[in-house]
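Printed here is coords.pdb (PDB, N, CA and C atoms and all ligand atoms):
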```pdb
ATOM      1  N   MET F 266       5.118   8.376 -13.400
ATOM      2  CA  MET F 266       5.238   7.424 -12.306
ATOM      3  C   MET F 266       3.937   6.635 -12.201
ATOM      4  N   ARG F 267       4.073   5.368 -11.965
ATOM      5  CA  ARG F 267       2.906   4.501 -11.752
ATOM      6  C   ARG F 267       2.986   3.902 -10.361
ATOM      7  N   VAL F 268       1.859   3.813  -9.706
ATOM      8  CA  VAL F 268       1.777   3.231  -8.376
ATOM      9  C   VAL F 268       0.940   1.967  -8.472
ATOM     10  N   VAL F 269       1.482   0.885  -7.965
ATOM     11  CA  VAL F 269       0.727  -0.372  -7.945
ATOM     12  C   VAL F 269       0.738  -0.927  -6.521
ATOM     13  N   ASP F 270      -0.281  -1.670  -6.206
ATOM     14  CA  ASP F 270      -0.341  -2.399  -4.938
ATOM     15  C   ASP F 270      -0.236  -3.882  -5.260
ATOM     16  N   PHE F 271       0.661  -4.557  -4.567
ATOM     17  CA  PHE F 271       0.873  -5.977  -4.845
ATOM     18  C   PHE F 271      -0.406  -6.797  -4.668
ATOM     19  N   CYS F 272      -1.278  -6.362  -3.764
ATOM     20  CA  CYS F 272      -2.503  -7.134  -3.521
ATOM     21  C   CYS F 272      -3.354  -7.244  -4.784
ATOM     22  N   GLN F 273      -3.192  -6.293  -5.694
ATOM     23  CA  GLN F 273      -3.951  -6.362  -6.941
ATOM     24  C   GLN F 273      -3.418  -7.470  -7.856
ATOM     25  N   TYR F 274      -2.269  -8.023  -7.467
ATOM     26  CA  TYR F 274      -1.696  -9.175  -8.169
ATOM     27  C   TYR F 274      -1.768 -10.416  -7.275
ATOM     28  N   LYS F 275      -2.770 -10.432  -6.393
ATOM     29  CA  LYS F 275      -3.134 -11.612  -5.589
ATOM     30  C   LYS F 275      -2.160 -11.982  -4.480
ATOM     31  N   THR F 276      -1.432 -11.011  -3.932
ATOM     32  CA  THR F 276      -0.652 -11.304  -2.722
ATOM     33  C   THR F 276      -1.528 -10.951  -1.519
ATOM     34  N   PRO F 277      -1.302 -11.576  -0.358
ATOM     35  CA  PRO F 277      -2.114 -11.242   0.824
ATOM     36  C   PRO F 277      -1.800  -9.858   1.384
ATOM     37  N   TRP F 278      -0.635  -9.299   1.051
ATOM     38  CA  TRP F 278      -0.228  -7.984   1.544
ATOM     39  C   TRP F 278      -0.432  -6.945   0.446
ATOM     40  N   ARG F 279      -0.595  -5.693   0.867
ATOM     41  CA  ARG F 279      -0.823  -4.628  -0.106
ATOM     42  C   ARG F 279       0.490  -4.212  -0.766
ATOM     43  N   LYS F 280       1.514  -3.876  -0.025
ATOM     44  CA  LYS F 280       2.838  -3.450  -0.476
ATOM     45  C   LYS F 280       2.786  -2.477  -1.659
ATOM     46  N   ARG F 281       2.497  -1.255  -1.350
ATOM     47  CA  ARG F 281       2.435  -0.203  -2.375
ATOM     48  C   ARG F 281       3.835   0.053  -2.930
ATOM     49  N   THR F 282       3.948   0.089  -4.256
ATOM     50  CA  THR F 282       5.247   0.230  -4.925
ATOM     51  C   THR F 282       5.116   1.227  -6.065
ATOM     52  N   ARG F 283       6.099   2.102  -6.163
ATOM     53  CA  ARG F 283       6.091   3.129  -7.215
ATOM     54  C   ARG F 283       7.143   2.806  -8.269
ATOM     55  N   PHE F 284       6.766   2.992  -9.520
ATOM     56  CA  PHE F 284       7.686   2.777 -10.629
ATOM     57  C   PHE F 284       7.846   4.087 -11.387
ATOM     58  N   LEU F 285       9.083   4.457 -11.573
ATOM     59  CA  LEU F 285       9.384   5.641 -12.368
ATOM     60  C   LEU F 285      10.062   5.169 -13.651
ATOM     61  N   PHE F 286       9.420   5.418 -14.772
ATOM     62  CA  PHE F 286       9.949   4.958 -16.046
ATOM     63  C   PHE F 286      10.673   6.087 -16.759
ATOM     64  N   GLY F 287      11.733   5.732 -17.438
ATOM     65  CA  GLY F 287      12.426   6.699 -18.258
ATOM     66  C   GLY F 287      12.411   6.232 -19.700
ATOM     67  N   ASN F 288      12.223   7.163 -20.607
ATOM     68  CA  ASN F 288      12.229   6.854 -22.032
ATOM     69  C   ASN F 288      11.121   5.885 -22.427
ATOM     70  N   ILE F 289       9.995   5.967 -21.723
ATOM     71  CA  ILE F 289       8.819   5.153 -22.034
ATOM     72  C   ILE F 289       7.650   6.115 -22.211
ATOM     73  N   GLU F 290       6.912   5.960 -23.287
ATOM     74  CA  GLU F 290       5.731   6.796 -23.484
ATOM     75  C   GLU F 290       4.736   6.527 -22.357
ATOM     76  N   GLU F 291       4.112   7.577 -21.840
ATOM     77  CA  GLU F 291       3.170   7.399 -20.741
ATOM     78  C   GLU F 291       2.040   6.453 -21.139
ATOM     79  N   PHE F 292       1.607   6.558 -22.382
ATOM     80  CA  PHE F 292       0.531   5.693 -22.863
ATOM     81  C   PHE F 292       0.924   4.217 -22.760
ATOM     82  N   ASP F 293       2.204   3.918 -22.980
ATOM     83  CA  ASP F 293       2.667   2.526 -22.934
ATOM     84  C   ASP F 293       2.690   1.956 -21.522
ATOM     85  N   SER F 294       2.635   2.802 -20.505
ATOM     86  CA  SER F 294       2.663   2.308 -19.123
ATOM     87  C   SER F 294       1.259   2.177 -18.538
ATOM     88  N   LEU F 295       0.236   2.370 -19.365
ATOM     89  CA  LEU F 295      -1.138   2.332 -18.856
ATOM     90  C   LEU F 295      -1.536   0.977 -18.294
ATOM     91  N   ARG F 296      -0.868  -0.071 -18.712
ATOM     92  CA  ARG F 296      -1.209  -1.402 -18.200
ATOM     93  C   ARG F 296      -1.076  -1.448 -16.678
ATOM     94  N   LEU F 297      -0.211  -0.599 -16.126
ATOM     95  CA  LEU F 297      -0.030  -0.561 -14.672
ATOM     96  C   LEU F 297      -0.937   0.487 -14.027
ATOM     97  N   GLY F 298      -1.823   1.065 -14.810
ATOM     98  CA  GLY F 298      -2.582   2.217 -14.340
ATOM     99  C   GLY F 298      -3.673   1.937 -13.333
ATOM    100  N   ASN F 299      -4.317   0.807 -13.404
ATOM    101  CA  ASN F 299      -5.456   0.548 -12.527
ATOM    102  C   ASN F 299      -5.155  -0.564 -11.534
ATOM    103  N   ARG F 300      -3.968  -0.547 -10.996
ATOM    104  CA  ARG F 300      -3.558  -1.584 -10.049
ATOM    105  C   ARG F 300      -3.368  -0.979  -8.672
ATOM    106  N   PHE F 301      -4.393  -0.306  -8.222
ATOM    107  CA  PHE F 301      -4.321   0.477  -7.004
ATOM    108  C   PHE F 301      -5.449   0.037  -6.075
ATOM    109  N   CYS F 302      -5.126  -0.294  -4.832
ATOM    110  CA  CYS F 302      -6.135  -0.724  -3.857
ATOM    111  C   CYS F 302      -6.574   0.495  -3.056
ATOM    112  N   ASP F 303      -7.793   0.921  -3.259
ATOM    113  CA  ASP F 303      -8.256   2.112  -2.538
ATOM    114  C   ASP F 303      -9.098   1.734  -1.321
ATOM    115  N   SER F 304      -8.668   0.679  -0.662
ATOM    116  CA  SER F 304      -9.332   0.223   0.556
ATOM    117  C   SER F 304      -9.295   1.307   1.632
ATOM    118  N   THR F 305     -10.406   1.548   2.271
ATOM    119  CA  THR F 305     -10.443   2.532   3.353
ATOM    120  C   THR F 305     -10.620   1.871   4.709
ATOM    121  N   ASN F 306     -11.078   0.641   4.713
ATOM    122  CA  ASN F 306     -11.330  -0.039   5.995
ATOM    123  C   ASN F 306     -10.403  -1.232   6.218
ATOM    124  N   GLY F 307      -9.313  -1.328   5.444
ATOM    125  CA  GLY F 307      -8.372  -2.430   5.605
ATOM    126  C   GLY F 307      -8.761  -3.677   4.843
ATOM    127  N   ILE F 308      -9.921  -3.661   4.206
ATOM    128  CA  ILE F 308     -10.383  -4.797   3.418
ATOM    129  C   ILE F 308      -9.952  -4.581   1.969
ATOM    130  N   CYS F 309      -9.249  -5.562   1.431
ATOM    131  CA  CYS F 309      -8.716  -5.441   0.078
ATOM    132  C   CYS F 309      -9.841  -5.402  -0.951
ATOM    133  N   THR F 310      -9.702  -4.512  -1.935
ATOM    134  CA  THR F 310     -10.716  -4.419  -2.973
ATOM    135  C   THR F 310     -10.639  -5.591  -3.953
ATOM    136  N   LYS F 311      -9.505  -6.276  -3.981
ATOM    137  CA  LYS F 311      -9.349  -7.416  -4.896
ATOM    138  C   LYS F 311      -9.848  -8.711  -4.255
ATOM    139  N   SER F 312      -9.351  -8.999  -3.044
ATOM    140  CA  SER F 312      -9.663 -10.284  -2.405
ATOM    141  C   SER F 312     -10.860 -10.206  -1.461
ATOM    142  N   GLN F 313     -11.248  -8.991  -1.098
ATOM    143  CA  GLN F 313     -12.322  -8.773  -0.115
ATOM    144  C   GLN F 313     -11.944  -9.307   1.270
ATOM    145  N   ARG F 314     -10.643  -9.439   1.524
ATOM    146  CA  ARG F 314     -10.150  -9.893   2.830
ATOM    147  C   ARG F 314      -9.226  -8.814   3.407
ATOM    148  N   PRO F 315      -9.012  -8.840   4.733
ATOM    149  CA  PRO F 315      -8.073  -7.867   5.320
ATOM    150  C   PRO F 315      -6.664  -8.081   4.772
ATOM    151  N   HIS F 316      -5.921  -6.999   4.585
ATOM    152  CA  HIS F 316      -4.530  -7.112   4.147
ATOM    153  C   HIS F 316      -3.690  -7.763   5.238
ATOM    154  N   PHE F 317      -2.732  -8.581   4.842
ATOM    155  CA  PHE F 317      -1.791  -9.191   5.781
ATOM    156  C   PHE F 317      -0.720  -8.162   6.112
ATOM    157  N   HIS F 318      -0.440  -7.971   7.404
ATOM    158  CA  HIS F 318       0.570  -6.995   7.814
ATOM    159  C   HIS F 318       1.940  -7.654   7.843
ATOM    160  N   LEU F 319       2.911  -7.025   7.200
ATOM    161  CA  LEU F 319       4.250  -7.591   7.074
ATOM    162  C   LEU F 319       5.091  -7.252   8.300
ATOM    163  N   THR F 320       4.719  -7.837   9.413
ATOM    164  CA  THR F 320       5.490  -7.651  10.645
ATOM    165  C   THR F 320       5.842  -9.024  11.204
ATOM    166  N   GLY F 321       6.980  -9.110  11.881
ATOM    167  CA  GLY F 321       7.388 -10.363  12.493
ATOM    168  C   GLY F 321       7.992 -11.336  11.501
ATOM    169  N   SER F 322       8.001 -12.607  11.894
ATOM    170  CA  SER F 322       8.637 -13.642  11.089
ATOM    171  C   SER F 322       7.668 -14.806  10.898
ATOM    172  N   ASN F 323       7.956 -15.606   9.871
ATOM    173  CA  ASN F 323       7.134 -16.787   9.674
ATOM    174  C   ASN F 323       7.625 -17.921  10.567
ATOM    175  N   ARG F 324       7.055 -19.092  10.454
ATOM    176  CA  ARG F 324       7.399 -20.218  11.350
ATOM    177  C   ARG F 324       8.844 -20.650  11.201
ATOM    178  N   ALA F 325       9.455 -20.402  10.062
ATOM    179  CA  ALA F 325      10.865 -20.761   9.839
ATOM    180  C   ALA F 325      11.808 -19.680  10.358
ATOM    181  N   GLY F 326      11.265 -18.612  10.941
ATOM    182  CA  GLY F 326      12.082 -17.538  11.480
ATOM    183  C   GLY F 326      12.514 -16.511  10.454
ATOM    184  N   ILE F 327      11.967 -16.592   9.254
ATOM    185  CA  ILE F 327      12.314 -15.648   8.185
ATOM    186  C   ILE F 327      11.377 -14.443   8.282
ATOM    187  N   PRO F 328      11.953 -13.237   8.414
ATOM    188  CA  PRO F 328      11.089 -12.046   8.478
ATOM    189  C   PRO F 328      10.206 -11.940   7.234
ATOM    190  N   TYR F 329       8.995 -11.447   7.428
ATOM    191  CA  TYR F 329       8.048 -11.366   6.310
ATOM    192  C   TYR F 329       8.459 -10.349   5.251
ATOM    193  N   THR F 330       9.149  -9.278   5.658
ATOM    194  CA  THR F 330       9.463  -8.249   4.665
ATOM    195  C   THR F 330      10.338  -8.774   3.522
ATOM    196  N   PRO F 331      11.400  -9.576   3.778
ATOM    197  CA  PRO F 331      12.124 -10.139   2.624
ATOM    198  C   PRO F 331      11.287 -11.138   1.834
ATOM    199  N   VAL F 332      10.373 -11.829   2.524
ATOM    200  CA  VAL F 332       9.492 -12.771   1.814
ATOM    201  C   VAL F 332       8.661 -12.016   0.783
ATOM    202  N   ALA F 333       8.283 -10.786   1.135
ATOM    203  CA  ALA F 333       7.404 -10.013   0.257
ATOM    204  C   ALA F 333       8.166  -9.194  -0.782
ATOM    205  N   GLN F 334       9.491  -9.301  -0.833
ATOM    206  CA  GLN F 334      10.261  -8.494  -1.787
ATOM    207  C   GLN F 334      10.047  -8.910  -3.237
ATOM    208  N   SER F 335       9.857 -10.204  -3.456
ATOM    209  CA  SER F 335       9.700 -10.676  -4.832
ATOM    210  C   SER F 335       8.441 -10.095  -5.447
ATOM    211  N   TYR F 336       8.555  -9.681  -6.702
ATOM    212  CA  TYR F 336       7.388  -9.163  -7.388
ATOM    213  C   TYR F 336       6.474 -10.324  -7.765
ATOM    214  N   PRO F 337       5.165 -10.134  -7.659
ATOM    215  CA  PRO F 337       4.235 -11.176  -8.080
ATOM    216  C   PRO F 337       4.376 -11.439  -9.583
ATOM    217  N   ALA F 338       4.071 -12.668  -9.991
ATOM    218  CA  ALA F 338       4.238 -13.050 -11.396
ATOM    219  C   ALA F 338       3.446 -12.135 -12.333
ATOM    220  N   GLY F 339       2.243 -11.782 -11.937
ATOM    221  CA  GLY F 339       1.421 -10.917 -12.796
ATOM    222  C   GLY F 339       2.042  -9.547 -12.982
ATOM    223  N   LEU F 340       2.669  -9.025 -11.939
ATOM    224  CA  LEU F 340       3.347  -7.733 -12.047
ATOM    225  C   LEU F 340       4.556  -7.848 -12.972
ATOM    226  N   ASN F 341       5.307  -8.930 -12.847
ATOM    227  CA  ASN F 341       6.446  -9.137 -13.751
ATOM    228  C   ASN F 341       5.988  -9.175 -15.204
ATOM    229  N   HIS F 342       4.877  -9.825 -15.426
ATOM    230  CA  HIS F 342       4.338  -9.916 -16.785
ATOM    231  C   HIS F 342       3.964  -8.523 -17.305
ATOM    232  N   ASP F 343       3.283  -7.755 -16.460
ATOM    233  CA  ASP F 343       2.881  -6.408 -16.879
ATOM    234  C   ASP F 343       4.092  -5.501 -17.107
ATOM    235  N   LEU F 344       5.113  -5.627 -16.255
ATOM    236  CA  LEU F 344       6.325  -4.811 -16.434
ATOM    237  C   LEU F 344       7.023  -5.174 -17.748
ATOM    238  N   ALA F 345       7.104  -6.462 -18.035
ATOM    239  CA  ALA F 345       7.725  -6.882 -19.288
ATOM    240  C   ALA F 345       6.950  -6.325 -20.474
ATOM    241  N   TYR F 346       5.639  -6.329 -20.361
ATOM    242  CA  TYR F 346       4.799  -5.788 -21.432
ATOM    243  C   TYR F 346       5.077  -4.297 -21.629
ATOM    244  N   VAL F 347       5.099  -3.562 -20.509
ATOM    245  CA  VAL F 347       5.321  -2.111 -20.581
ATOM    246  C   VAL F 347       6.686  -1.802 -21.192
ATOM    247  N   LEU F 348       7.702  -2.533 -20.770
ATOM    248  CA  LEU F 348       9.067  -2.235 -21.216
ATOM    249  C   LEU F 348       9.330  -2.640 -22.661
ATOM    250  N   THR F 349       8.478  -3.492 -23.221
ATOM    251  CA  THR F 349       8.708  -3.947 -24.592
ATOM    252  C   THR F 349       7.633  -3.480 -25.565
ATOM    253  N   THR F 350       6.699  -2.686 -25.087
ATOM    254  CA  THR F 350       5.580  -2.260 -25.940
ATOM    255  C   THR F 350       6.044  -1.643 -27.251
ATOM    256  N   LYS F 351       7.036  -0.782 -27.196
ATOM    257  CA  LYS F 351       7.428  -0.078 -28.423
ATOM    258  C   LYS F 351       8.015  -1.021 -29.465
ATOM    259  N   PHE F 352       8.337  -2.247 -29.082
ATOM    260  CA  PHE F 352       8.904  -3.185 -30.042
ATOM    261  C   PHE F 352       7.851  -4.044 -30.733
ATOM    262  N   PHE F 353       6.646  -4.112 -30.174
ATOM    263  CA  PHE F 353       5.642  -4.963 -30.821
ATOM    264  C   PHE F 353       4.339  -4.273 -31.161
ATOM    265  N   VAL F 354       4.211  -3.006 -30.842
ATOM    266  CA  VAL F 354       3.029  -2.263 -31.252
ATOM    267  C   VAL F 354       3.408  -1.431 -32.465
ATOM    268  N   ILE F 355       2.636  -1.581 -33.524
ATOM    269  CA  ILE F 355       2.913  -0.827 -34.745
ATOM    270  C   ILE F 355       2.444   0.612 -34.533
ATOM    271  N   PRO F 356       3.353   1.579 -34.695
ATOM    272  CA  PRO F 356       2.951   2.977 -34.523
ATOM    273  C   PRO F 356       1.781   3.336 -35.436
ATOM    274  N   TYR F 357       0.921   4.230 -34.967
ATOM    275  CA  TYR F 357      -0.296   4.593 -35.684
ATOM    276  C   TYR F 357      -0.007   5.060 -37.106
ATOM    277  N   GLN F 358       1.020   5.915 -37.280
ATOM    278  CA  GLN F 358       1.342   6.426 -38.613
ATOM    279  C   GLN F 358       1.720   5.294 -39.557
ATOM    280  N   GLN F 359       2.457   4.326 -39.027
ATOM    281  CA  GLN F 359       2.872   3.196 -39.860
ATOM    282  C   GLN F 359       1.661   2.337 -40.238
ATOM    283  N   GLN F 360       0.683   2.211 -39.319
ATOM    284  CA  GLN F 360      -0.552   1.464 -39.611
ATOM    285  C   GLN F 360      -1.277   2.125 -40.771
ATOM    286  N   GLN F 361      -1.363   3.470 -40.717
ATOM    287  CA  GLN F 361      -2.062   4.197 -41.772
ATOM    288  C   GLN F 361      -1.372   4.024 -43.121
ATOM    289  N   GLN F 362      -0.053   4.036 -43.115
ATOM    290  CA  GLN F 362       0.689   3.862 -44.372
ATOM    291  C   GLN F 362       0.455   2.471 -44.944
ATOM    292  N   GLN F 363       0.367   1.448 -44.055
ATOM    293  CA  GLN F 363       0.151   0.083 -44.517
ATOM    294  C   GLN F 363      -1.238  -0.084 -45.111
ATOM    295  N   GLN F 364      -2.231   0.615 -44.535
ATOM    296  CA  GLN F 364      -3.600   0.496 -45.027
ATOM    297  C   GLN F 364      -3.770   1.169 -46.382
ATOM    298  N   HIS F 365      -3.004   2.216 -46.637
ATOM    299  CA  HIS F 365      -3.149   2.965 -47.880
ATOM    300  C   HIS F 365      -2.216   2.490 -48.972
ATOM    301  N   SER F 366      -1.370   1.532 -48.699
ATOM    302  CA  SER F 366      -0.447   1.069 -49.745
ATOM    303  C   SER F 366      -0.949  -0.208 -50.402
TER
HETATM  304 ZN    ZN F 401      -5.696  -4.582  -1.391
END
```
Taking this structure as input, can you express it in the form of structure tokens?
Amino acid sequence: MRVVDFCQYKTPWRKRTRFLFGNIEEFDSLRLGNRFCDSTNGICTKSQRPHFHLTGSNRAGIPYTPVAQSYPAGLNHDLAYVLTTKFFVIPYQQQQQQQHS
């Protein structure tokens, strides 16, 4: 399982999210490994600003929680990378065979 905070992908809110992968090597999910905000005083470690609290609605009357449902673009990119790693990384054994042939 990997835990990421959306604020590490430049959103004003933290929105901690857990991903449980199946049939993925743990090593291949490392790209999501250091996306954790360990703020203790409410100040984001990425932006150095207070996290925005997802309560109430915006000026158009739309509640903030659905606004924050979309994954940030950077997270989508990292997820795509994790899910496709085994298709574009040459396994170590195969690398060794190529070097010796
Ligand atoms: Zn943060």
*For range 275-287 of chain F, please output as a list in words all residues within 7 Å (counting all atoms listed in the file; exclusion window: fewer than 5 positions along the same chain).*
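In the requested form, the answer reads Met266, Arg267, Val268, Val269, Asp270, Pro315, His316, Phe317, His318 and Leu319 of chain F.
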Residue members of the PyMOL selection byres (((not hetatm)) within 6.5 of (chain F and resi 401)) in the file shown, as a short mmCIF file (atom, residue, chain, number, x, y, z; two decimals) with N, CA and C atoms, in the frame of the given file:
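selection-v4.cif written:
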```cif
data_model
loop_
_atom_site.label_atom_id
_atom_site.label_comp_id
_atom_site.auth_asym_id
_atom_site.auth_seq_id
_atom_site.Cartn_x
_atom_site.Cartn_y
_atom_site.Cartn_z
N CYS F 272 -1.28 -6.36 -3.76
CA CYS F 272 -2.50 -7.13 -3.52
C CYS F 272 -3.35 -7.24 -4.78
N GLN F 273 -3.19 -6.29 -5.69
CA GLN F 273 -3.95 -6.36 -6.94
C GLN F 273 -3.42 -7.47 -7.86
N TRP F 278 -0.64 -9.30 1.05
CA TRP F 278 -0.23 -7.98 1.54
C TRP F 278 -0.43 -6.94 0.45
N ARG F 279 -0.60 -5.69 0.87
CA ARG F 279 -0.82 -4.63 -0.11
C ARG F 279 0.49 -4.21 -0.77
N CYS F 302 -5.13 -0.29 -4.83
CA CYS F 302 -6.14 -0.72 -3.86
C CYS F 302 -6.57 0.50 -3.06
N ASP F 303 -7.79 0.92 -3.26
CA ASP F 303 -8.26 2.11 -2.54
C ASP F 303 -9.10 1.73 -1.32
N SER F 304 -8.67 0.68 -0.66
CA SER F 304 -9.33 0.22 0.56
C SER F 304 -9.30 1.31 1.63
N ILE F 308 -9.92 -3.66 4.21
CA ILE F 308 -10.38 -4.80 3.42
C ILE F 308 -9.95 -4.58 1.97
N CYS F 309 -9.25 -5.56 1.43
CA CYS F 309 -8.72 -5.44 0.08
C CYS F 309 -9.84 -5.40 -0.95
N THR F 310 -9.70 -4.51 -1.94
CA THR F 310 -10.72 -4.42 -2.97
C THR F 310 -10.64 -5.59 -3.95
N LYS F 311 -9.51 -6.28 -3.98
CA LYS F 311 -9.35 -7.42 -4.90
C LYS F 311 -9.85 -8.71 -4.26
N SER F 312 -9.35 -9.00 -3.04
CA SER F 312 -9.66 -10.28 -2.40
C SER F 312 -10.86 -10.21 -1.46
N HIS F 316 -5.92 -7.00 4.58
CA HIS F 316 -4.53 -7.11 4.15
C HIS F 316 -3.69 -7.76 5.24
#
```
*asked:* Residues of chain F classed as helix (DSSP H, G or I) by DSSP on the backbone are to be reported as number ranges by chain.
replied: F: 271-274, 291-297, 329-332, 338-353, 357-365
Please report, as lines of an AutoDock Vina configuration file, the centre and edge lengths in Å to one decimal of an axis-aligned box covering all listed atoms of range 301-320 of chain F with 6 Å per side.
```
center_x = -3.2
center_y = -3.9
center_z = 1.5
size_x = 30.2
size_y = 24.8
size_z = 31.4
```
*Just asking: which residues within chain F are strand (DSSP E or B) according to DSSP, as a list in words?*
Arg267, Val268, Val269, Asp270, Arg281, Thr282, Arg283, Phe284, Ile308, Pro315, Ser322 and Pro328 of chain F
*Between F:Asn299, F:Thr350, F:Thr330, F:Ser294, single out the one closest to Tyr274 in chain F, counting only C-alpha atoms.*
F:Asn299
